[in-house]
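Below is one structure, written out as structure tokens, with a few remarks after it.
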Amino acid sequence: LTFAGALSYDLWHLPVQVSDSLGEILEAQQSPSAWSTFTRGFGSSGYLRPLRLAQIKALFDLSHGRYRLAYRGFHIALLVALFILFARALRVGSTTELAAASFGLTVLVGLHTFAGLVREAFPINHFLEIAVACLAALNLAQSRGGWHVDVAAAVLFVAAVLTLESGLLVWVVIVAARISGLRGLSTRGVALVSALLAGYFVLRFGYLATGVPDLAERSAGFMLERLEAHEVQRRFGDAPSVFYAYNVAASVLSVLAAEPRDGVLVTALAWRDGALAPRIVLPVAASVATTTLIFWWGWSAWRKRAPLSPAHRMAVIGAAVLAASAALSFAYTKDEIMAVAGVFYALAAFGAACAVIERVGSSRRVGSALVVSTLLLAGSSAWALRALSIDHRLRYQAFRVRNDWAEVHITLASEDRVPRDERGRQLVDALRTTALDMPVPNPHLLPAWNGRWFDD
Amino acid sequence: VSLALGTVAEHPLWREEPVNMSEAAAFRDPARVARLRRDGEDPAARRLVRPGVFAPGRVLVTPLQAAIASDRPEVVGVLLEGVEALDPPTWRDAMCLAGTIRDDEVETILERHRPGGVELVCSGYVRPW
């Protein structure tokens with residue numbers, strides 16, 4: 001709740017953004033109803049996300065002009081739900097687990113993929129919705145079960161998958177949970193969700209022929225550079241499999257080693273340019289150390305052939321989510337798409353931390369216990385610094401977004417996107433006024449060391 | 001602790017530092033400029049900018065001069081939003097200052113607000129600091 005409270009405060013002071021949000025809000029204003037928006041969503045090509053815009057419309061109607069309260073309020077509610085479901089999944093029952101849970105929560109917030117859950121909203125952060133849905137699915141799988149759990153899982157899957165393609169991860173969580181031995185969902189429940197998955201594919205690729213996004217639709221990171229969409233097409237149009245394989249590998253590494261970021265090898269780039277800073281090196285060091293710890297923990301359990309503990313089960317589910325998220329990122333790698341895998345990585349970090357603390361606690365060799373404790377302290381401090389970075393990033397983002405609102409009339413005019421009707425223009429003015437009135441600190445007035453330690 | 005402070009008083013990390021319009025322009029804060037302008041502050045008035053920004057000492061400049069000197073076309077855009085044409089001395093001063101910064105984007109924006117029949121002559125121009 002402390003984490004949720006601190007981040008909620010930051011979120012509340014972050015204006016609703018202009019890019020990726022204003023267009024959607026104006027569209028919501030024009031739409032006659034949420035249902036109409038929902039049904040129109042089935043007609044788009046490349047993406048099948050009817051619930052995405054329908055939710056935006058529903059919140060717009062509920063807001064009665066208090067847009068910040070509606071959209072940011074919803075964002076905060078989702079964030080609180082994420083923390084509650086995360087903490088609930090840990091099932092803390094001892095002081096060792098409590099200590100490890102603090103570490104797990106710090107990893108959750110400190111991992112760079114977490115920024116994608118809070119920094120932006122469109123005006124709803126759908127990546128956060130999917131993360132919440134996946135954690136809810138995990139909680140259902142950990143429950144005592146019953147027909148209502150099966151139905152809840154089915155509803156969760158349908159809602160998630162019609163919001164964003166990443167919603168497919170809910171199915172991955174449900175199936176991986178069952179395979180790992182969690183029995184909250186019955187065989188029938190898993191079969192029902194699997195049938196819905198099959199139905200989704202039939203609907204998307206058969207009946208609606210929505211297809212998948214083109215290669216040349218987005219810019220993408222590749223090795224040391226960021227390629228524009230046409231450049232991606234030019235380089236990989238004839239052999240997209242190389243590009244796809246890079247994206248999948250980059251996505252997996254991004255979670256396990258904090259590199260590459262959005263497909264770009266940031267550390268190598270900074271090293272080449274002589275611009276290495278703690279904010280670049282620290283995340284890689286913390287992630288590599290934690291991943292090593294998780295692998296050691298997994299390997300130890302594998303060698304003993306012991307039955308899977310609840311924490312190991314979460315790690316197994318996490319591995320499945322990581323693989324599936326990377327596969328979903330084949331067309332372009334983006335930290336936000338890996339955000340759910342990041343959440344499960346933090347759950348695995350909790351399990352590994354538990355094992356280390358127990359090992360140190362029961363060790364009779366004072367010297368080695370001291371060394372391991374010191375390493376743990378260094379590791380958690382590195383993660384704590386990474387977690388602090390999110391606060392800095394949100395303040396920077398608030399400054400950026402508020403400035404976007406200052407220029408919104410100029411931007412809309414230059415892009416010929418000024419709303420045609422008076423209602424639309426009034427809506428832009430209302431959103432702009434709200435943003436301008438928000439107190440946001442100016443990051444250019446901060447001491448220079450902030451830029452070396454924290455990402456913006 | 002920050003959260004508790006934020007709920008009862010001012011959050012230490014979300015504190016908005018007091019600045020005048022020229023300083024807001026110098027510190028690349030178009031939103032603050034727009035808010036101050038909306039609240040009735042005179043965008044043509046000269047105000048003191050703190051030491052160390054443009055010169056070791058304090059400097060008396062208009063927000064437009066501060067925005068140009070900081071090389072911030074977006075702040076210049078916000079300052080000139082709704083302004084048809086600048087008066088000849090202001091325009092000439094802004095263009096000459098932009099010439100010392102060599103920012104084409106700022107000069108392009110200023111060109112759109114050129115007063116009719118004014119020639120640009122920067123010989124003898126001296127920066128305000």
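Following the order of the structure tokens, first chain is A, next is B, and so on, with residues numbered from 1 inside each chain and ligands from 1 in the order they appear.
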- 10 Å contact set for region 197-210 of chain A, only C-alpha atoms, chain neighbours under 3 positions out, as a ChimeraX atom specification: /A:42-48,154,157-158,161-162,168,171,191-194,213
- Item | DSSP strand (DSSP E) selection over chain B, as a PyMOL selection string | chain B and resi 47-49+59-61
- Task: Mind checking which residues fall within 8 Å of Phe103 (chain A), counting only C-alpha atoms, ignoring those fewer than 6 positions away in the same chain, and posting them as number ranges by chain?
- Result: A: 349-350, 353, 380
- What lies within 12 Å of region 428-436 of chain A using only C-alpha atoms, ignoring chain neighbours under 6 positions off, as JSON, numbers by chain? {"A": [12, 13, 14, 15, 16, 17, 18, 21, 22, 23, 24, 25, 26, 29, 65, 66, 67, 68, 69, 71, 398, 399, 400, 401, 402, 403, 404, 405, 406, 407, 408, 409, 411, 412, 417, 418, 419, 420, 421, 422], "B": [29, 30, 31, 32, 33, 34, 35, 36, 37, 38, 39]}
Can you spit out the residues from that selection as a compact mmCIF listing (two decimals), in the first residue's frame, using N, CA and C atoms?
# COMPACT_ATOMS: atom_id res chain seq x y z
N TRP A 12 -1.54 10.90 -9.96
CA TRP A 12 -2.58 11.91 -9.86
C TRP A 12 -2.08 13.27 -10.36
N HIS A 13 -0.77 13.48 -10.24
CA HIS A 13 -0.19 14.76 -10.67
C HIS A 13 0.33 14.73 -12.10
N LEU A 14 0.06 13.65 -12.78
CA LEU A 14 0.47 13.51 -14.18
C LEU A 14 -0.73 13.84 -15.07
N PRO A 15 -0.65 14.92 -15.87
CA PRO A 15 -1.81 15.26 -16.70
C PRO A 15 -2.12 14.16 -17.71
N VAL A 16 -3.38 14.07 -18.10
CA VAL A 16 -3.76 13.15 -19.19
C VAL A 16 -2.98 13.61 -20.42
N GLN A 17 -2.33 12.69 -21.10
CA GLN A 17 -1.42 13.12 -22.17
C GLN A 17 -2.15 13.52 -23.46
N VAL A 18 -1.41 14.25 -24.28
CA VAL A 18 -1.97 14.70 -25.56
C VAL A 18 -1.82 13.58 -26.60
N SER A 21 -3.85 10.12 -26.67
CA SER A 21 -5.00 10.23 -25.77
C SER A 21 -6.05 11.21 -26.27
N LEU A 22 -5.59 12.38 -26.70
CA LEU A 22 -6.55 13.41 -27.09
C LEU A 22 -7.44 12.91 -28.24
N GLY A 23 -6.82 12.29 -29.23
CA GLY A 23 -7.59 11.75 -30.36
C GLY A 23 -8.65 10.78 -29.89
N GLU A 24 -8.28 9.90 -28.96
CA GLU A 24 -9.21 8.89 -28.45
C GLU A 24 -10.35 9.55 -27.66
N ILE A 25 -10.01 10.58 -26.86
CA ILE A 25 -11.05 11.24 -26.05
C ILE A 25 -12.02 12.00 -26.97
N LEU A 26 -11.47 12.64 -28.00
CA LEU A 26 -12.34 13.34 -28.95
C LEU A 26 -13.25 12.35 -29.69
N GLN A 29 -16.02 11.40 -27.47
CA GLN A 29 -17.04 12.46 -27.42
C GLN A 29 -18.00 12.35 -28.60
N GLY A 65 -17.53 15.42 -17.46
CA GLY A 65 -16.64 16.58 -17.58
C GLY A 65 -15.43 16.56 -16.67
N ARG A 66 -15.39 15.62 -15.73
CA ARG A 66 -14.22 15.54 -14.83
C ARG A 66 -13.28 14.46 -15.38
N TYR A 67 -12.62 14.84 -16.47
CA TYR A 67 -11.83 13.86 -17.23
C TYR A 67 -10.62 13.35 -16.46
N ARG A 68 -9.98 14.26 -15.74
CA ARG A 68 -8.80 13.84 -14.98
C ARG A 68 -9.19 12.82 -13.92
N LEU A 69 -10.29 13.10 -13.24
CA LEU A 69 -10.76 12.19 -12.20
C LEU A 69 -11.09 10.82 -12.81
N TYR A 71 -10.08 9.41 -15.86
CA TYR A 71 -8.99 8.64 -16.46
C TYR A 71 -7.84 8.38 -15.50
N ALA A 398 5.39 14.23 -16.40
CA ALA A 398 4.35 15.23 -16.11
C ALA A 398 4.74 16.57 -16.73
N PHE A 399 6.02 16.91 -16.62
CA PHE A 399 6.51 18.18 -17.18
C PHE A 399 6.36 18.17 -18.71
N ARG A 400 6.73 17.05 -19.30
CA ARG A 400 6.66 16.91 -20.76
C ARG A 400 5.21 17.01 -21.24
N VAL A 401 4.32 16.29 -20.54
CA VAL A 401 2.92 16.25 -20.97
C VAL A 401 2.27 17.62 -20.79
N ARG A 402 2.57 18.28 -19.67
CA ARG A 402 1.97 19.60 -19.45
C ARG A 402 2.43 20.57 -20.54
N ASN A 403 3.69 20.44 -20.95
CA ASN A 403 4.18 21.30 -22.04
C ASN A 403 3.50 20.99 -23.35
N ASP A 404 3.20 19.71 -23.57
CA ASP A 404 2.45 19.33 -24.78
C ASP A 404 1.09 20.04 -24.81
N TRP A 405 0.48 20.14 -23.63
CA TRP A 405 -0.82 20.82 -23.56
C TRP A 405 -0.68 22.32 -23.82
N ALA A 406 0.44 22.89 -23.39
CA ALA A 406 0.66 24.32 -23.63
C ALA A 406 0.67 24.59 -25.14
N GLU A 407 1.23 23.64 -25.89
CA GLU A 407 1.38 23.83 -27.34
C GLU A 407 0.26 23.20 -28.14
N VAL A 408 -0.77 22.67 -27.47
CA VAL A 408 -1.74 21.84 -28.18
C VAL A 408 -2.44 22.57 -29.34
N HIS A 409 -2.76 23.85 -29.15
CA HIS A 409 -3.45 24.58 -30.23
C HIS A 409 -2.55 24.69 -31.45
N THR A 411 0.00 22.70 -32.20
CA THR A 411 0.20 21.36 -32.76
C THR A 411 -1.00 20.95 -33.61
N LEU A 412 -2.20 21.11 -33.05
CA LEU A 412 -3.41 20.69 -33.79
C LEU A 412 -3.56 21.48 -35.08
N ARG A 417 -5.63 19.18 -37.37
CA ARG A 417 -6.46 18.27 -36.56
C ARG A 417 -7.33 19.04 -35.56
N VAL A 418 -7.52 20.34 -35.81
CA VAL A 418 -8.38 21.12 -34.91
C VAL A 418 -9.80 20.57 -35.03
N PRO A 419 -10.45 20.26 -33.87
CA PRO A 419 -11.81 19.71 -33.96
C PRO A 419 -12.72 20.64 -34.76
N ARG A 420 -13.55 20.03 -35.60
CA ARG A 420 -14.43 20.82 -36.49
C ARG A 420 -15.57 21.49 -35.70
N ASP A 421 -16.04 20.81 -34.65
CA ASP A 421 -17.20 21.36 -33.94
C ASP A 421 -16.80 22.05 -32.64
N GLU A 422 -17.71 22.88 -32.15
CA GLU A 422 -17.46 23.69 -30.97
C GLU A 422 -17.24 22.82 -29.73
N ASP B 29 9.94 25.96 -20.00
CA ASP B 29 8.67 25.57 -19.40
C ASP B 29 7.50 26.31 -20.09
N PRO B 30 7.16 25.90 -21.30
CA PRO B 30 6.10 26.61 -22.01
C PRO B 30 4.75 26.58 -21.29
N ALA B 31 4.51 25.50 -20.52
CA ALA B 31 3.22 25.42 -19.81
C ALA B 31 3.12 26.52 -18.76
N ARG B 32 4.21 26.75 -18.06
CA ARG B 32 4.23 27.79 -17.04
C ARG B 32 4.06 29.16 -17.71
N VAL B 33 4.71 29.33 -18.85
CA VAL B 33 4.59 30.59 -19.60
C VAL B 33 3.13 30.79 -20.00
N ALA B 34 2.52 29.73 -20.53
CA ALA B 34 1.12 29.83 -20.98
C ALA B 34 0.20 30.15 -19.81
N ARG B 35 0.46 29.53 -18.65
CA ARG B 35 -0.39 29.77 -17.49
C ARG B 35 -0.26 31.21 -17.00
N LEU B 36 0.99 31.69 -16.91
CA LEU B 36 1.21 33.06 -16.45
C LEU B 36 0.58 34.06 -17.42
N ARG B 37 0.69 33.75 -18.70
CA ARG B 37 0.10 34.63 -19.73
C ARG B 37 -1.41 34.64 -19.60
N ARG B 38 -1.98 33.45 -19.42
CA ARG B 38 -3.43 33.33 -19.26
C ARG B 38 -3.90 34.08 -18.02
N ASP B 39 -3.07 34.07 -16.96
CA ASP B 39 -3.45 34.73 -15.71
C ASP B 39 -3.21 36.24 -15.73
- Message: Can you tell me which residues surround Lys57 (chain A) at a distance of at most 10 Å, considering only C-alpha atoms, apart from same-chain residues fewer than 3 positions away, and format the answer as a list in words?
- Response: Glu24, Ile25, Leu26, Glu27, Ala28, Gln29, Gln30, Ser31, Pro32, Ser33, Ala34, Trp35, Ser36, Thr37, Phe38, Leu51, Arg52, Leu53, Ala54, Phe60, Asp61, Leu62 and Ser63 of chain A
Go ahead and write the residues just picked, C-alpha atoms, as a compact mmCIF listing (two decimals), in the first residue's frame.
# COMPACT_ATOMS: atom_id res chain seq x y z
CA GLU A 24 -9.21 8.89 -28.45
CA ILE A 25 -11.05 11.24 -26.05
CA LEU A 26 -12.34 13.34 -28.95
CA GLU A 27 -13.46 10.14 -30.64
CA ALA A 28 -15.25 9.10 -27.45
CA GLN A 29 -17.04 12.46 -27.42
CA GLN A 30 -18.28 11.91 -30.97
CA SER A 31 -19.45 8.35 -30.41
CA PRO A 32 -23.16 7.92 -29.51
CA SER A 33 -22.51 5.12 -27.00
CA ALA A 34 -19.95 2.69 -25.59
CA TRP A 35 -21.79 -0.14 -27.32
CA SER A 36 -21.53 1.60 -30.68
CA THR A 37 -17.78 2.10 -30.13
CA PHE A 38 -17.47 -1.56 -29.14
CA LEU A 51 -13.04 -3.10 -25.73
CA ARG A 52 -10.15 -0.64 -25.77
CA LEU A 53 -12.05 2.31 -27.21
CA ALA A 54 -15.33 1.18 -25.61
CA PHE A 60 -15.84 9.57 -20.82
CA ASP A 61 -19.60 9.28 -20.27
CA LEU A 62 -19.17 8.53 -16.58
CA SER A 63 -16.83 11.47 -16.06
- Neighbour list for Val75 (chain B) as an MDAnalysis selection string, cut-off 7 Å, only C-alpha atoms, skip fewer than 4 positions in-chain: chainID B and resid 25 28 30 67 79
